[in-house]
>>> print(open('protein.txt').read())   # compact mmCIF, C-alpha atoms
# COMPACT_ATOMS: atom_id res chain seq x y z
CA MET G 106 91.97 33.43 77.12
CA ILE G 107 95.10 35.09 75.83
CA ASN G 108 97.90 32.94 74.40
CA PRO G 109 101.04 34.43 76.01
CA ALA G 110 103.44 33.15 73.31
CA GLU G 111 101.28 34.59 70.53
CA PHE G 112 100.92 37.87 72.44
CA LEU G 113 104.72 38.16 72.73
CA ARG G 114 105.18 37.28 69.06
CA THR G 115 102.59 39.85 67.96
CA HIS G 116 104.36 42.46 70.10
CA ILE G 117 107.76 41.71 68.56
CA GLU G 118 106.30 41.62 65.05
CA LYS G 119 105.19 45.24 65.41
CA VAL G 120 108.90 45.96 64.90
CA VAL G 121 110.42 42.95 63.09
CA SER G 122 108.93 39.99 61.23
CA LEU G 123 109.48 36.47 62.57
CA THR G 124 109.34 32.99 61.13
CA ASP G 125 107.64 30.30 63.21
CA GLU G 126 111.07 28.88 64.06
CA GLU G 127 112.39 32.27 65.19
CA ALA G 128 109.29 32.89 67.30
CA ALA G 129 109.70 29.50 69.02
CA PHE G 130 113.41 30.15 69.56
CA ILE G 131 112.71 33.56 71.10
CA THR G 132 109.92 32.33 73.36
CA SER G 133 112.16 29.50 74.63
CA HIS G 134 114.40 32.13 76.23
CA PHE G 135 111.59 33.64 78.32
CA LYS G 136 109.94 32.37 81.51
CA LEU G 137 106.22 32.90 82.09
CA LYS G 138 105.45 34.10 85.64
CA THR G 139 102.36 35.17 87.55
CA PHE G 140 102.09 37.55 90.50
CA GLU G 141 99.20 38.60 92.72
CA LYS G 142 98.03 42.15 93.34
CA GLY G 143 100.31 43.76 95.92
CA GLN G 144 103.17 41.34 95.31
CA PHE G 145 106.65 42.69 94.60
CA ILE G 146 108.50 41.56 91.49
CA ILE G 147 111.59 43.58 92.41
CA GLU G 148 112.41 44.99 95.84
CA GLU G 149 114.84 47.82 96.46
CA GLY G 150 118.28 46.52 97.46
CA ASN G 151 117.88 43.14 95.76
CA ASP G 152 119.63 41.90 92.64
CA VAL G 153 117.82 42.62 89.38
CA THR G 154 118.36 39.68 87.05
CA GLU G 155 115.44 40.03 84.64
CA VAL G 156 113.53 42.41 82.43
CA TYR G 157 109.74 41.89 82.22
CA PHE G 158 107.17 41.98 79.43
CA VAL G 159 103.60 42.34 80.71
CA VAL G 160 101.12 39.86 79.19
CA PHE G 161 98.26 41.05 81.39
CA GLY G 162 97.95 43.09 84.53
CA LEU G 163 99.39 46.35 85.78
CA ILE G 164 102.61 47.10 87.65
CA LYS G 165 104.29 50.21 89.04
CA LEU G 166 107.94 51.14 89.36
CA VAL G 167 108.52 52.99 92.63
CA TYR G 168 111.38 54.97 94.18
CA GLU G 169 111.38 55.47 97.95
CA ASP G 170 113.32 58.53 99.10
CA LYS G 171 115.30 58.94 102.34
CA ASP G 172 112.16 60.26 104.08
CA ALA G 173 110.28 57.06 103.13
CA LYS G 174 108.12 58.96 100.65
CA LYS G 175 107.22 56.82 97.63
CA HIS G 176 107.43 58.25 94.12
CA ILE G 177 105.94 56.36 91.18
CA VAL G 178 108.38 56.46 88.29
CA SER G 179 106.20 54.59 85.81
CA PHE G 180 103.34 52.23 85.23
CA ALA G 181 103.50 49.25 82.88
CA MET G 182 100.48 47.41 81.53
CA GLU G 183 99.82 44.89 78.81
CA ASP G 184 102.30 45.04 75.94
CA TRP G 185 104.89 47.05 77.93
CA TRP G 186 108.39 46.26 79.25
CA GLU G 187 109.64 47.18 82.72
CA THR G 188 112.43 46.60 85.23
CA ASP G 189 115.01 48.63 87.14
CA PHE G 190 117.02 49.01 83.94
CA GLN G 191 120.14 50.43 85.56
CA ALA G 192 120.40 47.53 87.99
CA PHE G 193 119.53 45.01 85.26
CA TYR G 194 122.20 46.13 82.79
CA THR G 195 124.90 46.76 85.42
CA LYS G 196 124.10 43.60 87.41
CA GLY G 197 123.64 45.84 90.42
CA LYS G 198 121.21 46.21 93.28
CA ALA G 199 117.76 47.67 92.73
CA SER G 200 117.23 51.31 93.63
CA LEU G 201 113.59 50.91 92.62
CA SER G 202 110.81 48.47 93.49
CA LEU G 203 108.41 46.89 91.02
CA GLU G 204 104.97 46.10 92.49
CA CYS G 205 101.80 44.61 91.06
CA ILE G 206 98.72 46.85 91.12
CA GLU G 207 96.64 44.01 89.66
CA ASP G 208 97.09 40.27 89.33
CA THR G 209 99.76 40.08 86.64
CA MET G 210 101.17 37.61 84.15
CA LEU G 211 104.46 38.45 82.53
CA TYR G 212 107.39 37.04 80.67
CA SER G 213 110.81 37.44 82.25
CA LEU G 214 114.06 37.53 80.32
CA SER G 215 117.45 37.18 81.98
CA LEU G 216 120.38 39.34 80.92
CA GLU G 217 122.15 36.21 79.68
CA ASN G 218 119.20 35.27 77.47
CA PHE G 219 118.75 38.88 76.38
CA GLU G 220 122.36 38.95 75.17
CA LYS G 221 122.02 35.51 73.57
CA LEU G 222 118.93 36.60 71.61
CA CYS G 223 120.68 39.78 70.45
CA ASN G 224 123.82 37.87 69.43
CA GLU G 225 122.02 35.06 67.63
CA LEU G 226 119.20 37.01 65.96
CA GLN G 227 120.16 40.43 64.65
CA LYS G 228 116.48 41.32 64.30
CA MET G 229 116.09 40.96 68.08
CA GLU G 230 118.95 43.39 68.62
CA ARG G 231 117.07 45.80 66.31
CA PHE G 232 113.83 45.11 68.21
CA PHE G 233 115.37 45.83 71.62
CA LEU G 234 117.11 48.93 70.29
CA ARG G 235 113.77 50.29 69.06
CA LYS G 236 112.16 49.52 72.45
CA SER G 237 115.06 51.14 74.27
CA ILE G 238 114.84 54.29 72.15
CA ALA G 239 111.07 54.50 72.70
CA GLY G 240 111.59 54.12 76.45
CA HIS G 241 114.25 56.82 76.46
CA ILE G 242 111.97 59.18 74.57
CA GLY G 243 109.16 58.42 77.03
CA SER G 244 111.43 59.18 79.98
CA GLN G 245 112.59 62.47 78.47
CA THR G 246 109.01 63.46 77.73
CA ARG G 247 108.03 62.72 81.33
CA ILE G 248 110.96 64.74 82.71
CA LEU G 249 110.15 67.67 80.43
CA SER G 250 106.51 67.59 81.49
CA PHE G 251 107.61 68.06 85.11
CA LEU G 252 109.81 70.97 84.09
CA THR G 253 107.35 72.72 81.79
CA SER G 254 103.80 71.72 82.78
CA ASN G 255 101.60 72.37 85.78
CA ALA G 256 99.63 69.62 87.54
CA ARG G 257 96.52 70.09 85.39
CA GLU G 258 98.55 69.88 82.16
CA ARG G 259 100.34 66.71 83.34
CA TYR G 260 96.96 65.19 84.22
CA GLU G 261 95.56 66.09 80.80
CA GLN G 262 98.64 64.60 79.10
CA LEU G 263 98.07 61.39 81.05
CA LEU G 264 94.41 61.37 79.98
CA LEU G 265 95.44 61.65 76.33
CA LYS G 266 98.23 59.07 76.41
CA ASN G 267 96.85 56.46 78.84
CA PRO G 268 93.17 57.02 79.63
CA SER G 269 92.73 53.45 80.92
CA LEU G 270 95.08 54.19 83.83
CA LEU G 271 92.40 56.38 85.40
CA GLN G 272 90.13 53.35 85.85
CA ARG G 273 92.88 50.92 86.84
CA VAL G 274 95.11 52.88 89.20
CA PRO G 275 94.20 54.09 92.70
CA LYS G 276 94.01 57.87 92.98
CA SER G 277 96.86 57.95 95.49
CA SER G 278 99.13 56.21 92.94
CA LEU G 279 98.04 58.56 90.15
CA ALA G 280 98.79 61.53 92.40
CA SER G 281 102.26 60.17 93.16
CA TYR G 282 102.93 59.61 89.45
CA LEU G 283 101.82 63.16 88.62
CA GLY G 284 103.82 64.64 91.48
CA VAL G 285 100.81 66.10 93.30
CA SER G 286 98.93 65.43 96.51
CA ARG G 287 95.80 63.27 96.48
CA GLU G 288 93.78 66.38 97.33
CA THR G 289 95.19 68.28 94.34
CA LEU G 290 94.38 65.34 92.09
CA SER G 291 90.79 65.29 93.40
CA ARG G 292 90.41 68.93 92.39
CA LEU G 293 91.61 68.08 88.88
CA PHE G 294 88.89 65.45 88.34
>>> encode(input="protein.txt", output="C-alpha cells")
Amino acid sequence: MINPAEFLRTHIEKVVSLTDEEAAFITSHFKLKTFEKGQFIIEEGNDVTEVYFVVFGLIKLVYEDKDAKKHIVSFAMEDWWETDFQAFYTKGKASLSLECIEDTMLYSLSLENFEKLCNELQKMERFFLRKSIAGHIGSQTRILSFLTSNARERYEQLLLKNPSLLQRVPKSSLASYLGVSRETLSRLF
C-alpha cells in the first residue's frame, strides 16, 4: 500500500530537498480525497478552489463545446498535477470538467494554502514554478503536435511519452485526446 504523504514528499524532492519538518508542514496544507471511477472532481460552471496531485488513479480534463462534443484536453495519472488552472488562479468558474477514469486518490491544495506554502517556503515557490513551466511546455508541445503532425504521428508520440495510457484509457477517450474519430484510431492500432 502506498503512503500518500511519502509519495507527495518524493514527488516534491525530485525538484527541491525537504527536511522532515518541512515535509510535515507541506503535507499539513493538503487534503487527501478519494473519488470513484466516473465521478467528477470539477464540473463546468462550478467554482474551482483546488489544484490536485494524483496519488493513484487516472483522471481526464474535458472541454465540452457548444455542440455538446467533448474534447479531452489532458490526462493525469500518478505523480501528476491537474485542475482547471485558469479558473483556479482567477477564482473563476470552470470552463473544463475533471472526471475520474479510474478510482482515484489525490491530494487537493486550496489557492490560499498554495499561496501560504509559496510565501512561507521559498523552495515550494521554486517547486511550483518548475511544475508550471513543465506544464506550459507540455501544453505548447501538444498544440504544436496538432499543428504539425498527422493522426498517426500524434498516436506514435503518445505511445512514446505515455505508453501506459493505451492500457488504461478507453479507445473513445484516446481518440478524443488525439483529435480523431474512434474508427480512425482503430485503424492506427
>>> closest_residue(input="protein.txt", among="G:Thr132, G:Gln191, G:Ser122, G:Ser179", to="Tyr282 (chain G)", atoms="all atoms listed in the file")
G:Ser179
>>> residues_around(input="protein.txt", residues="Phe112 (chain G)", least_positions_apart="4", cutoff="10 Å", atoms="only C-alpha atoms", output="list in words")
Ile107, Asn108, His116, Ile117, Glu118, Val159, Val160, Phe161, Glu183 and Asp184 of chain G
>>> residues_around(input="protein.txt", residues="region 246-263 of chain G", least_positions_apart="4", cutoff="8 Å", atoms="only C-alpha atoms", output="PDB file with C-alpha atoms, in the frame of the given file")
ATOM      1  CA  ILE G 242     111.970  59.180  74.570  1.00  0.00           C
ATOM      2  CA  ASN G 267      96.850  56.460  78.840  1.00  0.00           C
ATOM      3  CA  PRO G 268      93.170  57.020  79.630  1.00  0.00           C
ATOM      4  CA  LEU G 283     101.820  63.160  88.620  1.00  0.00           C
ATOM      5  CA  GLY G 284     103.820  64.640  91.480  1.00  0.00           C
ATOM      6  CA  VAL G 285     100.810  66.100  93.300  1.00  0.00           C
ATOM      7  CA  LEU G 293      91.610  68.080  88.880  1.00  0.00           C
TER       8      LEU G 293
END
>>> closest_residue(input="protein.txt", among="G:Lys236, G:Lys228, G:Ser281, G:Ser215", to="Thr124 (chain G)", atoms="only C-alpha atoms")
G:Lys228
>>> residues_near_point(input="protein.txt", point="(113.1, 40.3, 76.8)", cutoff="12 Å", atoms="only C-alpha atoms", output="JSON list (two decimals) with C-alpha atoms, in the frame of the given file")
[["chain", "number", "residue", "atom", "x", "y", "z"],
["G", 113, "LEU", "CA", 104.72, 38.16, 72.73],
["G", 114, "ARG", "CA", 105.18, 37.28, 69.06],
["G", 116, "HIS", "CA", 104.36, 42.46, 70.10],
["G", 117, "ILE", "CA", 107.76, 41.71, 68.56],
["G", 131, "ILE", "CA", 112.71, 33.56, 71.10],
["G", 132, "THR", "CA", 109.92, 32.33, 73.36],
["G", 133, "SER", "CA", 112.16, 29.50, 74.63],
["G", 134, "HIS", "CA", 114.40, 32.13, 76.23],
["G", 135, "PHE", "CA", 111.59, 33.64, 78.32],
["G", 136, "LYS", "CA", 109.94, 32.37, 81.51],
["G", 137, "LEU", "CA", 106.22, 32.90, 82.09],
["G", 154, "THR", "CA", 118.36, 39.68, 87.05],
["G", 155, "GLU", "CA", 115.44, 40.03, 84.64],
["G", 156, "VAL", "CA", 113.53, 42.41, 82.43],
["G", 157, "TYR", "CA", 109.74, 41.89, 82.22],
["G", 158, "PHE", "CA", 107.17, 41.98, 79.43],
["G", 159, "VAL", "CA", 103.60, 42.34, 80.71],
["G", 184, "ASP", "CA", 102.30, 45.04, 75.94],
["G", 185, "TRP", "CA", 104.89, 47.05, 77.93],
["G", 186, "TRP", "CA", 108.39, 46.26, 79.25],
["G", 187, "GLU", "CA", 109.64, 47.18, 82.72],
["G", 188, "THR", "CA", 112.43, 46.60, 85.23],
["G", 190, "PHE", "CA", 117.02, 49.01, 83.94],
["G", 193, "PHE", "CA", 119.53, 45.01, 85.26],
["G", 211, "LEU", "CA", 104.46, 38.45, 82.53],
["G", 212, "TYR", "CA", 107.39, 37.04, 80.67],
["G", 213, "SER", "CA", 110.81, 37.44, 82.25],
["G", 214, "LEU", "CA", 114.06, 37.53, 80.32],
["G", 215, "SER", "CA", 117.45, 37.18, 81.98],
["G", 216, "LEU", "CA", 120.38, 39.34, 80.92],
["G", 217, "GLU", "CA", 122.15, 36.21, 79.68],
["G", 218, "ASN", "CA", 119.20, 35.27, 77.47],
["G", 219, "PHE", "CA", 118.75, 38.88, 76.38],
["G", 220, "GLU", "CA", 122.36, 38.95, 75.17],
["G", 221, "LYS", "CA", 122.02, 35.51, 73.57],
["G", 222, "LEU", "CA", 118.93, 36.60, 71.61],
["G", 223, "CYS", "CA", 120.68, 39.78, 70.45],
["G", 229, "MET", "CA", 116.09, 40.96, 68.08],
["G", 230, "GLU", "CA", 118.95, 43.39, 68.62],
["G", 232, "PHE", "CA", 113.83, 45.11, 68.21],
["G", 233, "PHE", "CA", 115.37, 45.83, 71.62],
["G", 234, "LEU", "CA", 117.11, 48.93, 70.29],
["G", 236, "LYS", "CA", 112.16, 49.52, 72.45],
["G", 237, "SER", "CA", 115.06, 51.14, 74.27]]
>>> atom_distance(input="protein.txt", atom1="CA of Glu169 (chain G)", atom2="CA of Ile238 (chain G)")
26.1 Å
>>> build_atoms(input="protein.txt", residues="region 108-124 of chain G", atoms="N, CA and C atoms", output="PDB file, keeping the file's coordinate frame")
ATOM      1  N   ASN G 108      96.770  33.842  74.580  1.00  0.00           N
ATOM      2  CA  ASN G 108      97.900  32.940  74.400  1.00  0.00           C
ATOM      3  C   ASN G 108      99.169  33.764  74.602  1.00  0.00           C
ATOM      4  N   PRO G 109      99.882  33.583  75.717  1.00  0.00           N
ATOM      5  CA  PRO G 109     101.040  34.430  76.010  1.00  0.00           C
ATOM      6  C   PRO G 109     102.106  34.408  74.905  1.00  0.00           C
ATOM      7  N   ALA G 110     102.406  33.242  74.346  1.00  0.00           N
ATOM      8  CA  ALA G 110     103.440  33.150  73.310  1.00  0.00           C
ATOM      9  C   ALA G 110     103.025  33.933  72.061  1.00  0.00           C
ATOM     10  N   GLU G 111     101.757  33.837  71.693  1.00  0.00           N
ATOM     11  CA  GLU G 111     101.280  34.590  70.530  1.00  0.00           C
ATOM     12  C   GLU G 111     101.263  36.094  70.817  1.00  0.00           C
ATOM     13  N   PHE G 112     100.935  36.450  72.050  1.00  0.00           N
ATOM     14  CA  PHE G 112     100.920  37.870  72.440  1.00  0.00           C
ATOM     15  C   PHE G 112     102.328  38.452  72.328  1.00  0.00           C
ATOM     16  N   LEU G 113     103.328  37.707  72.822  1.00  0.00           N
ATOM     17  CA  LEU G 113     104.720  38.160  72.730  1.00  0.00           C
ATOM     18  C   LEU G 113     105.148  38.259  71.265  1.00  0.00           C
ATOM     19  N   ARG G 114     104.803  37.256  70.483  1.00  0.00           N
ATOM     20  CA  ARG G 114     105.180  37.280  69.060  1.00  0.00           C
ATOM     21  C   ARG G 114     104.551  38.484  68.354  1.00  0.00           C
ATOM     22  N   THR G 115     103.276  38.716  68.584  1.00  0.00           N
ATOM     23  CA  THR G 115     102.590  39.850  67.960  1.00  0.00           C
ATOM     24  C   THR G 115     103.271  41.162  68.354  1.00  0.00           C
ATOM     25  N   HIS G 116     103.667  41.259  69.618  1.00  0.00           N
ATOM     26  CA  HIS G 116     104.360  42.460  70.100  1.00  0.00           C
ATOM     27  C   HIS G 116     105.677  42.660  69.353  1.00  0.00           C
ATOM     28  N   ILE G 117     106.463  41.616  69.240  1.00  0.00           N
ATOM     29  CA  ILE G 117     107.760  41.710  68.560  1.00  0.00           C
ATOM     30  C   ILE G 117     107.563  42.022  67.081  1.00  0.00           C
ATOM     31  N   GLU G 118     106.524  41.434  66.477  1.00  0.00           N
ATOM     32  CA  GLU G 118     106.300  41.620  65.050  1.00  0.00           C
ATOM     33  C   GLU G 118     105.773  43.024  64.695  1.00  0.00           C
ATOM     34  N   LYS G 119     105.487  43.831  65.695  1.00  0.00           N
ATOM     35  CA  LYS G 119     105.190  45.240  65.410  1.00  0.00           C
ATOM     36  C   LYS G 119     106.459  45.966  64.968  1.00  0.00           C
ATOM     37  N   VAL G 120     107.618  45.358  65.247  1.00  0.00           N
ATOM     38  CA  VAL G 120     108.900  45.960  64.900  1.00  0.00           C
ATOM     39  C   VAL G 120     109.652  45.144  63.842  1.00  0.00           C
ATOM     40  N   VAL G 121     109.704  43.837  64.022  1.00  0.00           N
ATOM     41  CA  VAL G 121     110.420  42.950  63.090  1.00  0.00           C
ATOM     42  C   VAL G 121     109.561  41.740  62.779  1.00  0.00           C
ATOM     43  N   SER G 122     109.691  41.186  61.582  1.00  0.00           N
ATOM     44  CA  SER G 122     108.930  39.990  61.230  1.00  0.00           C
ATOM     45  C   SER G 122     109.679  38.749  61.729  1.00  0.00           C
ATOM     46  N   LEU G 123     108.913  37.704  62.048  1.00  0.00           N
ATOM     47  CA  LEU G 123     109.480  36.470  62.570  1.00  0.00           C
ATOM     48  C   LEU G 123     108.942  35.263  61.808  1.00  0.00           C
ATOM     49  N   THR G 124     109.809  34.279  61.623  1.00  0.00           N
ATOM     50  CA  THR G 124     109.340  32.990  61.130  1.00  0.00           C
ATOM     51  C   THR G 124     108.822  32.218  62.342  1.00  0.00           C
TER      52      THR G 124
END
